[in-house]
Protein chains: 2
Amino acid sequence: MNPLKAKFERYVALEQAEHDLLDHLVRTDARVVPAGSDLIREGEGIHFVKLVLDGWGCRYKLLEDGRRQIVAFLLPGDLCNPDALAVGEMDHSIGAINELHCALIQPELFDQACIESHRLRQAMAYDAGAMLGMQREWTLNLAARPAFGRIAHMLCELHYRLAAIGLAVDGSFFAPITQITLAEATGLTPVHVNRVVQDLRGRGLLSWRGRQITLHDPTRLALLSGFSPRYLHLPRFALGATPASQQLPA
Amino acid sequence: MNPLKAKFERYVALEQAEHDLLDHLVRTDARVVPAGSDLIREGEGIHFVKLVLDGWGCRYKLLEDGRRQIVAFLLPGDLCNPDALAVGEMDHSIGAINELHCALIQPELFDQACIESHRLRQAMAYDAGAMLGMQREWTLNLAARPAFGRIAHMLCELHYRLAAIGLAVDGSFFAPITQITLAEATGLTPVHVNRVVQDLRGRGLLSWRGRQITLHDPTRLALLSGFSPRYLHLPRFALGATPASQQLPA
DNA sequence: CGAGAGTTTGAGTTGAATCAATTCGCGTGG
DNA sequence: CCACGCGAATTGATTCAACTCAAACTCTCG
């Protein structure tokens, strides 16, 4: 399957020509990136539009003191560099969390697709808007919520995004992250993340065994953390909505 | 002057036709928004691409407990809704900090301009990339830096952005914000912001009298706060660079 | 079965918040 | 021209959420 096509179809109705275009883009070239290594590093020139096909990635920056701060998660269907042509060099790094399969698209081809299809251009713009919305919400989340809300909110977001691409069922999803990863993403220490996770477990809101995470009551979790999915710009779930979508707060 | 044209010219070289296009866009309609009121509120439909001509604005969200978190500052030349056509409704609000003059552009006209000029499209993409880069850095800044670095970093960013549009000279600039505004932007309490500001003053790094802010040693402030301007995507200062740009860290 | 990464626990510390006044700056009206 | 009033800035005392440090425990995998 082509996760980019799947995503764009949630935004706009695509015609055959656009299906072909997107399939062509994704078929160009691909690569497997081992868990823990980087797709691209801060300062490097940008030579490809990269698309996550499978696995999780993260955008991150390194701080002066060596810590790293994760500023976004990349899930299947997410574009790393939609602005490859315009922007010269990376202002952040992108790492693979688990083994990550990604498609490498020629920036020129990508650009051409936007020129050829007005609808694709619109889908791109929509996607860019969603990315910005997400980044703003992360800013808010990390700046203004206490540890509990911060973690709960992030779990809600992950759940919601994964449900939208069919990777979460009944509040349960595979997540290749550790509590340490979550700490890097929330700006907390692993120790404190652990205490909050135990709190969530104690309240019967969360199971987290190995790489499997289950939210037992997504609605309540959303309420507790102030999570409201508007900023994700997932206008409505597609017809083939997963059962899990029924539990998601409106 | 047309601040959007000025900005785009820092990105790409524009030809006469593009000058005319941009002037046409901005001349369409305009509005004055009183200090403290909103240009647009979360949840509202988007009917215009709005451009800040003069004055400061801020993107913000309200939290459950009534606090508000500012997630971005909008300065002259900044677009509020470049994605108006694609995105249905606002996922955040935009407020005027001081009296703000903005141009209202028909989304269709705006879109048309991107179709007619490849260069404008590129400039748009570049600008979107810069906005995303800025938002990521805010995420990092608020998540990972202690109060001192957080505030210093934000002052550096403001200084740098203002210098780029000729509104900062010798580290000094007009800023229509209060310590309370800065607190809402940094996710700190006004009381704590005040203590940090006094610290900065005490170290001879900052003067802040009324609405006038002066950074006495931008380079050192950048060093102390881990500020590096790469994420702002201001490739180089234009030929008519202000003297102040000489003091900016590379 | 050992090793290493990840998770858990506990004790002590601290940066920032909270609460509560007080002071300053300035625009307005008497 | 001065007194008032209000928003902003400042100060001090106290509390608390999250960090630090340090150790032990538990997986999982070679």
# chains A, B, ... in the order shown; residues from 1 in each chain; ligands from 1

call {"tool": "residues_around", "arguments": {"residues": "region 8-24 of chain D", "least_positions_apart": "4", "cutoff": "10 Å", "atoms": "only C-alpha atoms (C1' of nucleotides)", "output": "VMD selection string"}}
result
(chain A and resid 146 to 147 188 to 189 191 to 192) or (chain B and resid 178 to 180 190 to 191 194 to 195 198) or (chain C and resid 8 to 25)

call {"tool": "interface_residues", "arguments": {"of": "chain A", "to": "chain B", "cutoff": "9 Å", "atoms": "only C-alpha atoms", "output": "NGL selection string"}}
result
:A and (43 or 60-61 or 63-64 or 67-72 or 82-83 or 85-88 or 90-92 or 115 or 122-133 or 135-145 or 185-188 or 226 or 230-233 or 235)

call {"tool": "select_by_dssp", "arguments": {"residues": "region 88-215 of chain A", "states": "alpha helix (DSSP H)", "output": "PyMOL selection string"}}
result
chain A and resi 107-116+118-144+147-164+179-186+190-202

call {"tool": "residues_around", "arguments": {"residues": "Phe48 (chain B)", "least_positions_apart": "6", "cutoff": "7 Å", "atoms": "only C-alpha atoms (C1' of nucleotides)", "output": "ChimeraX atom specification"}}
result
/B:84,104-107

call {"tool": "closest_residue", "arguments": {"among": "A:Leu74, A:Val196, A:Leu100, A:Leu215", "to": "chain D", "atoms": "only C-alpha atoms (C1' of nucleotides)"}}
result
A:Val196

call {"tool": "closest_residue", "arguments": {"among": "A:His101, A:His47, A:Arg10, A:His153", "to": "Ala30 (chain A)", "atoms": "only C-alpha atoms"}}
result
A:His101

call {"tool": "select_by_dssp", "arguments": {"residues": "region 35-215 of chain B", "states": "strand (DSSP E)", "output": "ChimeraX atom specification"}}
result
/B:38-40,49-54,57-62,68-74,93-96,100-105,168-169,172-174,206-209,212-215

call {"tool": "atom_distance", "arguments": {"atom1": "CA of Gly95 (chain B)", "atom2": "CA of Ala183 (chain B)"}}
result
15.8 Å

call {"tool": "atom_distance", "arguments": {"atom1": "CA of Asn98 (chain A)", "atom2": "CA of Leu53 (chain A)"}}
result
12.4 Å

call {"tool": "residues_around", "arguments": {"residues": "Ala113 (chain B)", "least_positions_apart": "5", "cutoff": "10 Å", "atoms": "only C-alpha atoms (C1' of nucleotides)", "output": "PyMOL selection string"}}
result
chain B and resi 18+21-22+24-25+107-108+118-121

call {"tool": "write_last_selection", "arguments": {"atoms": "N, CA and C atoms", "output": "CSV table (one decimal), in the first residue's frame"}}
result
chain,number,residue,atom,x,y,z
B,18,GLU,N,5.9,39.9,-10.9
B,18,GLU,CA,5.7,39.4,-9.5
B,18,GLU,C,5.5,40.5,-8.5
B,21,LEU,N,2.0,41.6,-9.1
B,21,LEU,CA,1.1,40.6,-8.5
B,21,LEU,C,1.0,40.8,-7.0
B,22,LEU,N,2.1,40.9,-6.3
B,22,LEU,CA,2.1,41.1,-4.8
B,22,LEU,C,1.5,42.4,-4.4
B,24,HIS,N,-0.7,44.0,-6.0
B,24,HIS,CA,-2.1,43.9,-6.3
B,24,HIS,C,-2.8,43.1,-5.1
B,25,LEU,N,-2.2,42.0,-4.7
B,25,LEU,CA,-2.8,41.3,-3.6
B,25,LEU,C,-3.0,42.1,-2.4
B,107,PRO,N,-8.6,34.5,-0.7
B,107,PRO,CA,-7.8,33.2,-0.8
B,107,PRO,C,-7.6,32.8,-2.3
B,108,GLU,N,-8.7,33.0,-3.1
B,108,GLU,CA,-8.6,32.6,-4.5
B,108,GLU,C,-7.5,33.4,-5.2
B,118,HIS,N,5.8,30.7,-10.7
B,118,HIS,CA,6.6,29.6,-10.1
B,118,HIS,C,7.4,30.2,-8.9
B,119,ARG,N,8.0,31.3,-9.2
B,119,ARG,CA,8.9,31.9,-8.2
B,119,ARG,C,8.1,32.3,-6.9
B,120,LEU,N,6.9,32.8,-7.1
B,120,LEU,CA,6.1,33.1,-5.9
B,120,LEU,C,5.8,31.9,-5.1
B,121,ARG,N,5.5,30.8,-5.8
B,121,ARG,CA,5.2,29.5,-5.2
B,121,ARG,C,6.4,29.1,-4.3

call {"tool": "atom_distance", "arguments": {"atom1": "CA of Cys80 (chain B)", "atom2": "CA of Ser172 (chain B)"}}
result
25.8 Å

call {"tool": "closest_residue", "arguments": {"among": "A:Val197, A:Val33, A:Leu205, A:Leu234", "to": "chain C", "atoms": "only C-alpha atoms (C1' of nucleotides)"}}
result
A:Val197

call {"tool": "residues_around", "arguments": {"residues": "DC1 (chain D)", "least_positions_apart": "2", "cutoff": "12 Å", "atoms": "only C-alpha atoms (C1' of nucleotides)", "output": "PyMOL selection string"}}
result
(chain C and resi 29-30) or (chain D and resi 3)

call {"tool": "closest_residue", "arguments": {"among": "B:Leu155, B:Val193, B:Leu109, B:Val32", "to": "chain D", "atoms": "only C-alpha atoms (C1' of nucleotides)"}}
result
B:Val193

call {"tool": "residues_around", "arguments": {"residues": "Ile165 (chain A)", "least_positions_apart": "4", "cutoff": "9 Å", "atoms": "only C-alpha atoms (C1' of nucleotides)", "output": "PyMOL selection string"}}
result
chain A and resi 3+6-7+76-77+160-161+242

call {"tool": "write_last_selection", "arguments": {"atoms": "N, CA, C and O atoms", "output": "PDB file, in the first residue's frame"}}
result
ATOM      1  N   PRO A   3       0.993   4.745   1.617  1.00  0.00           N
ATOM      2  CA  PRO A   3       0.391   5.477   2.742  1.00  0.00           C
ATOM      3  C   PRO A   3       0.173   6.960   2.450  1.00  0.00           C
ATOM      4  O   PRO A   3      -0.665   7.594   3.089  1.00  0.00           O
ATOM      5  N   ALA A   6      -3.120   7.091   0.694  1.00  0.00           N
ATOM      6  CA  ALA A   6      -4.170   6.861   1.690  1.00  0.00           C
ATOM      7  C   ALA A   6      -4.450   8.130   2.483  1.00  0.00           C
ATOM      8  O   ALA A   6      -5.602   8.499   2.727  1.00  0.00           O
ATOM      9  N   LYS A   7      -3.379   8.807   2.860  1.00  0.00           N
ATOM     10  CA  LYS A   7      -3.551  10.024   3.645  1.00  0.00           C
ATOM     11  C   LYS A   7      -4.236  11.110   2.829  1.00  0.00           C
ATOM     12  O   LYS A   7      -5.198  11.740   3.284  1.00  0.00           O
ATOM     13  N   PRO A  76       3.820   6.397   9.565  1.00  0.00           N
ATOM     14  CA  PRO A  76       3.653   6.022   8.163  1.00  0.00           C
ATOM     15  C   PRO A  76       2.721   6.998   7.437  1.00  0.00           C
ATOM     16  O   PRO A  76       1.633   7.306   7.929  1.00  0.00           O
ATOM     17  N   GLY A  77       3.168   7.469   6.290  1.00  0.00           N
ATOM     18  CA  GLY A  77       2.396   8.440   5.522  1.00  0.00           C
ATOM     19  C   GLY A  77       2.888   9.869   5.711  1.00  0.00           C
ATOM     20  O   GLY A  77       2.457  10.773   4.996  1.00  0.00           O
ATOM     21  N   TYR A 160      -4.733   8.855  18.382  1.00  0.00           N
ATOM     22  CA  TYR A 160      -5.623   9.412  17.370  1.00  0.00           C
ATOM     23  C   TYR A 160      -5.015   9.327  15.979  1.00  0.00           C
ATOM     24  O   TYR A 160      -5.674   8.939  15.015  1.00  0.00           O
ATOM     25  N   ARG A 161      -3.747   9.687  15.883  1.00  0.00           N
ATOM     26  CA  ARG A 161      -3.097   9.647  14.574  1.00  0.00           C
ATOM     27  C   ARG A 161      -3.000   8.222  14.060  1.00  0.00           C
ATOM     28  O   ARG A 161      -3.205   7.965  12.868  1.00  0.00           O
ATOM     29  N   THR A 242     -12.011   2.723  11.582  1.00  0.00           N
ATOM     30  CA  THR A 242     -11.830   1.589  12.483  1.00  0.00           C
ATOM     31  C   THR A 242     -12.842   1.703  13.615  1.00  0.00           C
ATOM     32  O   THR A 242     -13.295   2.796  13.941  1.00  0.00           O
TER      33      THR A 242
END
